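> If it helps, the file is called upload_2.txt and holds compact mmCIF, C-alpha atoms:
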# COMPACT_ATOMS: atom_id res chain seq x y z
CA MET A 8 -103.39 68.10 -31.78
CA GLU A 9 -104.99 64.83 -30.70
CA ARG A 10 -105.23 65.23 -26.94
CA SER A 11 -107.75 63.52 -24.74
CA ILE A 12 -110.40 65.44 -22.86
CA GLU A 13 -108.79 64.22 -19.61
CA THR A 14 -105.55 65.96 -20.60
CA ARG A 15 -107.38 69.19 -21.37
CA ILE A 16 -109.36 69.05 -18.14
CA ALA A 17 -106.20 68.32 -16.14
CA GLN A 18 -104.68 71.50 -17.60
CA VAL A 19 -107.62 73.52 -16.32
CA GLY A 20 -107.47 71.87 -12.90
CA LEU A 21 -110.73 69.92 -12.86
CA ARG A 22 -111.12 66.37 -11.62
CA LYS A 23 -112.11 63.56 -13.92
CA SER A 24 -115.42 63.33 -12.03
CA ASP A 25 -116.17 66.90 -13.11
CA LEU A 26 -116.23 65.66 -16.69
CA GLU A 27 -119.95 64.94 -16.45
CA GLU A 28 -120.91 68.35 -15.01
CA THR A 29 -118.70 70.96 -16.69
CA PHE A 30 -116.37 70.97 -19.66
CA ALA A 31 -113.97 73.86 -19.44
CA ARG A 32 -110.67 75.05 -20.73
CA SER A 33 -108.68 78.18 -20.17
CA SER A 34 -108.87 80.38 -23.24
CA GLY A 35 -105.94 82.65 -22.55
CA PRO A 36 -106.29 86.19 -21.19
CA GLY A 37 -110.05 86.30 -21.91
CA GLY A 38 -110.84 83.82 -19.15
CA GLN A 39 -112.42 80.43 -19.37
CA VAL A 40 -114.90 78.93 -21.79
CA GLY A 41 -117.05 76.25 -20.23
CA LEU A 42 -119.94 74.02 -21.21
CA ARG A 43 -122.45 72.87 -18.63
CA LYS A 44 -124.03 69.47 -19.05
CA SER A 45 -127.47 71.08 -18.75
CA ASP A 46 -126.70 73.21 -21.85
CA LEU A 47 -125.97 70.16 -24.01
CA GLU A 48 -128.46 68.14 -26.03
CA GLU A 49 -127.11 64.75 -27.02
CA THR A 50 -128.66 62.48 -29.67
CA PHE A 51 -127.47 59.12 -30.95
CA ALA A 52 -127.95 57.58 -34.39
CA ARG A 53 -126.64 54.64 -36.32
CA SER A 54 -123.26 55.35 -37.80
CA SER A 55 -122.09 54.62 -41.33
CA GLY A 56 -118.79 53.58 -42.82
CA PRO A 57 -116.27 51.05 -41.51
CA GLY A 58 -116.96 49.22 -38.28
CA GLY A 59 -118.85 46.17 -39.43
CA GLN A 60 -121.89 44.82 -37.69
CA ASN A 61 -121.31 47.05 -34.65
CA VAL A 62 -121.98 50.34 -36.48
CA ASN A 63 -124.97 48.82 -38.25
CA LYS A 64 -126.65 47.64 -35.04
CA VAL A 65 -125.54 50.09 -32.33
CA SER A 66 -126.22 53.84 -32.34
CA THR A 67 -122.59 54.93 -32.26
CA ALA A 68 -122.88 58.29 -34.06
CA VAL A 69 -123.20 61.15 -31.56
CA THR A 70 -124.72 64.56 -32.30
CA LEU A 71 -124.09 67.11 -29.59
CA ARG A 72 -125.83 70.51 -29.62
CA HIS A 73 -125.01 73.48 -27.41
CA ARG A 74 -128.42 75.04 -26.72
CA PRO A 75 -127.33 78.61 -25.84
CA SER A 76 -125.24 79.07 -29.01
CA GLY A 77 -127.02 76.62 -31.32
CA ILE A 78 -123.71 75.06 -32.39
CA SER A 79 -124.02 71.39 -33.32
CA VAL A 80 -121.33 68.73 -33.79
CA THR A 81 -121.74 65.19 -35.16
CA VAL A 82 -119.05 62.54 -34.62
CA GLN A 83 -118.93 59.02 -36.01
CA ASP A 84 -115.18 58.49 -36.13
CA SER A 85 -115.05 55.48 -33.86
CA ARG A 86 -116.94 52.21 -33.34
CA SER A 87 -117.34 53.14 -29.68
CA GLN A 88 -120.17 55.41 -28.60
CA ALA A 89 -118.21 56.48 -25.50
CA ARG A 90 -115.21 57.54 -27.58
CA ASN A 91 -117.48 59.39 -30.03
CA ARG A 92 -119.13 61.19 -27.09
CA ARG A 93 -115.74 62.30 -25.80
CA LEU A 94 -114.66 63.46 -29.26
CA ALA A 95 -117.96 65.30 -29.76
CA ARG A 96 -117.49 67.16 -26.47
CA GLU A 97 -113.93 68.15 -27.39
CA ARG A 98 -114.98 69.36 -30.82
CA LEU A 99 -117.98 71.21 -29.43
CA LEU A 100 -115.73 72.93 -26.90
CA ASP A 101 -113.39 73.94 -29.75
CA ALA A 102 -116.32 75.21 -31.84
CA VAL A 103 -117.78 77.25 -28.97
CA GLU A 104 -114.37 78.75 -28.22
CA GLN A 105 -113.92 79.65 -31.90
CA ALA A 106 -117.37 81.27 -32.06
CA GLU A 107 -116.65 83.24 -28.88
CA ALA A 108 -113.28 84.42 -30.21
CA THR A 109 -114.88 85.49 -33.50
CA ARG A 110 -117.64 87.36 -31.66
CA ARG A 111 -115.05 89.12 -29.48
CA ALA A 112 -112.98 90.08 -32.53
CA HIS A 113 -116.04 91.56 -34.27
CA GLU A 114 -116.92 93.52 -31.14
CA ILE A 115 -113.41 94.96 -30.90
CA ALA A 116 -113.36 95.82 -34.60
CA ALA A 117 -116.71 97.65 -34.34
CA ARG A 118 -115.51 99.57 -31.29
CA GLU A 119 -112.25 100.55 -33.03
CA LYS A 120 -114.12 101.62 -36.18
CA ALA A 121 -116.40 103.88 -34.11
CA ARG A 122 -113.38 105.32 -32.30
CA ARG A 123 -111.60 106.10 -35.57
CA ARG A 124 -114.74 107.68 -37.02
CA LYS A 125 -115.11 109.99 -34.01
CA SER A 126 -111.50 111.17 -33.88
CA PRO A 127 -110.86 114.56 -35.50
CA ARG A 128 -108.65 114.92 -38.57
CA PRO A 129 -105.18 116.35 -38.06
CA ARG A 130 -104.70 120.01 -39.15
CA ALA A 131 -102.18 119.15 -41.87
CA LEU A 132 -104.57 116.62 -43.41
CA LYS A 133 -107.43 119.12 -43.32
CA ARG A 134 -105.26 121.73 -45.01
CA ARG A 135 -104.26 119.28 -47.79
CA ILE A 136 -107.87 118.25 -48.39
CA LEU A 137 -109.06 121.87 -48.60
CA GLU A 138 -106.20 122.76 -50.95
CA SER A 139 -107.08 119.88 -53.31
CA LYS A 140 -110.73 121.00 -53.23
CA ARG A 141 -109.73 124.56 -54.17
CA LYS A 142 -107.62 123.28 -57.08
CA ARG A 143 -110.49 121.09 -58.29
CA ALA A 144 -112.90 124.09 -58.09
CA GLU A 145 -110.50 126.25 -60.14
CA LEU A 146 -110.19 123.51 -62.75
CA LYS A 147 -113.96 123.26 -63.06
CA LYS A 148 -114.34 127.05 -63.33
CA GLN A 149 -111.96 127.02 -66.29
CA ARG A 150 -114.27 124.58 -68.11
CA ALA A 151 -117.22 126.96 -67.98
CA LYS A 152 -118.40 128.79 -71.12
CA ILE A 153 -116.99 132.23 -71.61
CA ASN A 154 -119.63 135.00 -71.84
CA MET A 155 -118.96 137.61 -74.49
Could you show the structure in this file as structure tokens?


Amino acid sequence: MERSIETRIAQVGLRKSDLEETFARSSGPGGQVGLRKSDLEETFARSSGPGGQNVNKVSTAVTLRHRPSGISVTVQDSRSQARNRRLARERLLDAVEQAEATRRAHEIAAREKARRRKSPRPRALKRRILESKRKRAELKKQRAKINM
């Protein structure tokens, strides 16, 4: 699972220099999910945890926010800000892909639900439903008070 962003970009066919402009990966038959650098908002803060004096003095924690979707990722796994930036971009790309896949699945489900609702019932099913309604009506009529 731990692959570098260079490996992922090489799979898509981008050059390493494109890393700063666009982050993209093929997402199967649906096409390609990409992040433009202009869509990202990057903030740095002091990290916590192991790392000694470096994490106490240098802003190594990276928070990356994708403006169009509002998805935010914070990474402070490493002592290196550059490595944390790379990890944040990978994780943000994964999160945006996941959100897009979820949105697509909900769209398809809603479309299928509408299609099923519109389709007419088969004749045999209609006949069974009406027959059960007739039986229920007869049963209820038998419960009524008898007039003498």

> If you measure from CA of Gln88 (chain A) to CA of Ala68 (chain A), what distance in Å do you get, rounded to one decimal?

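Going from CA of Gln88 (chain A) over to CA of Ala68 (chain A) covers 6.7 Å.
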
> Around the point (-126.8, 53.8, -38.2), in the coordinates given by the file, pick out the residues reaching within 12 Å, counting all atoms listed in the file, and return them as JSON, numbers by chain.

{"A": [51, 52, 53, 54, 55, 56, 57, 58, 59, 60, 61, 62, 63, 64, 65, 66, 67, 68, 69, 83, 86, 88]}

> Give me, as a list in words, all polymer residues having an atom no more than 7 Å from region 94-109 of chain A, counting only C-alpha atoms and skipping those fewer than 3 positions away in the same chain.

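After dropping sequence-adjacent residues, the list is Ile12, Val40, Val69, Leu71, Val80, Thr81, Val82, Arg90, Asn91, Ala112 and His113 of chain A.
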
> Is it possible to get the axis-aligned box enclosing region 133-143 of chain A (all listed atoms, 4 Å extra per side) as AutoDock Vina command-line options, with centre and edge lengths in Å rounded to one decimal?


--center_x -107.5 --center_y 121.4 --center_z -50.8 --size_x 14.5 --size_y 14.3 --size_z 23.0

> Can you work out which one of A:Glu138, A:Glu49, A:Glu145, A:Glu114 has the shortest atom-to-atom distance to Thr70 (chain A), counting only C-alpha atoms?

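When distances to Thr70 (chain A) are compared using only C-alpha atoms, the smallest one comes from A:Glu49.
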
> To one decimal place in Å, what is the distance between CA of Asp46 (chain A) and CA of His73 (chain A)?

5.8 Å

> So, counting all atoms listed in the file, which residue among A:Ile153, A:Leu137, A:Ala116, A:Ile78 is closest to Leu42 (chain A)?

A:Ile78

> Which one is closest to Leu47 (chain A): A:Ser85, A:Arg150, A:Ser139, A:Ser76? Count all atoms listed in the file.

A:Ser76
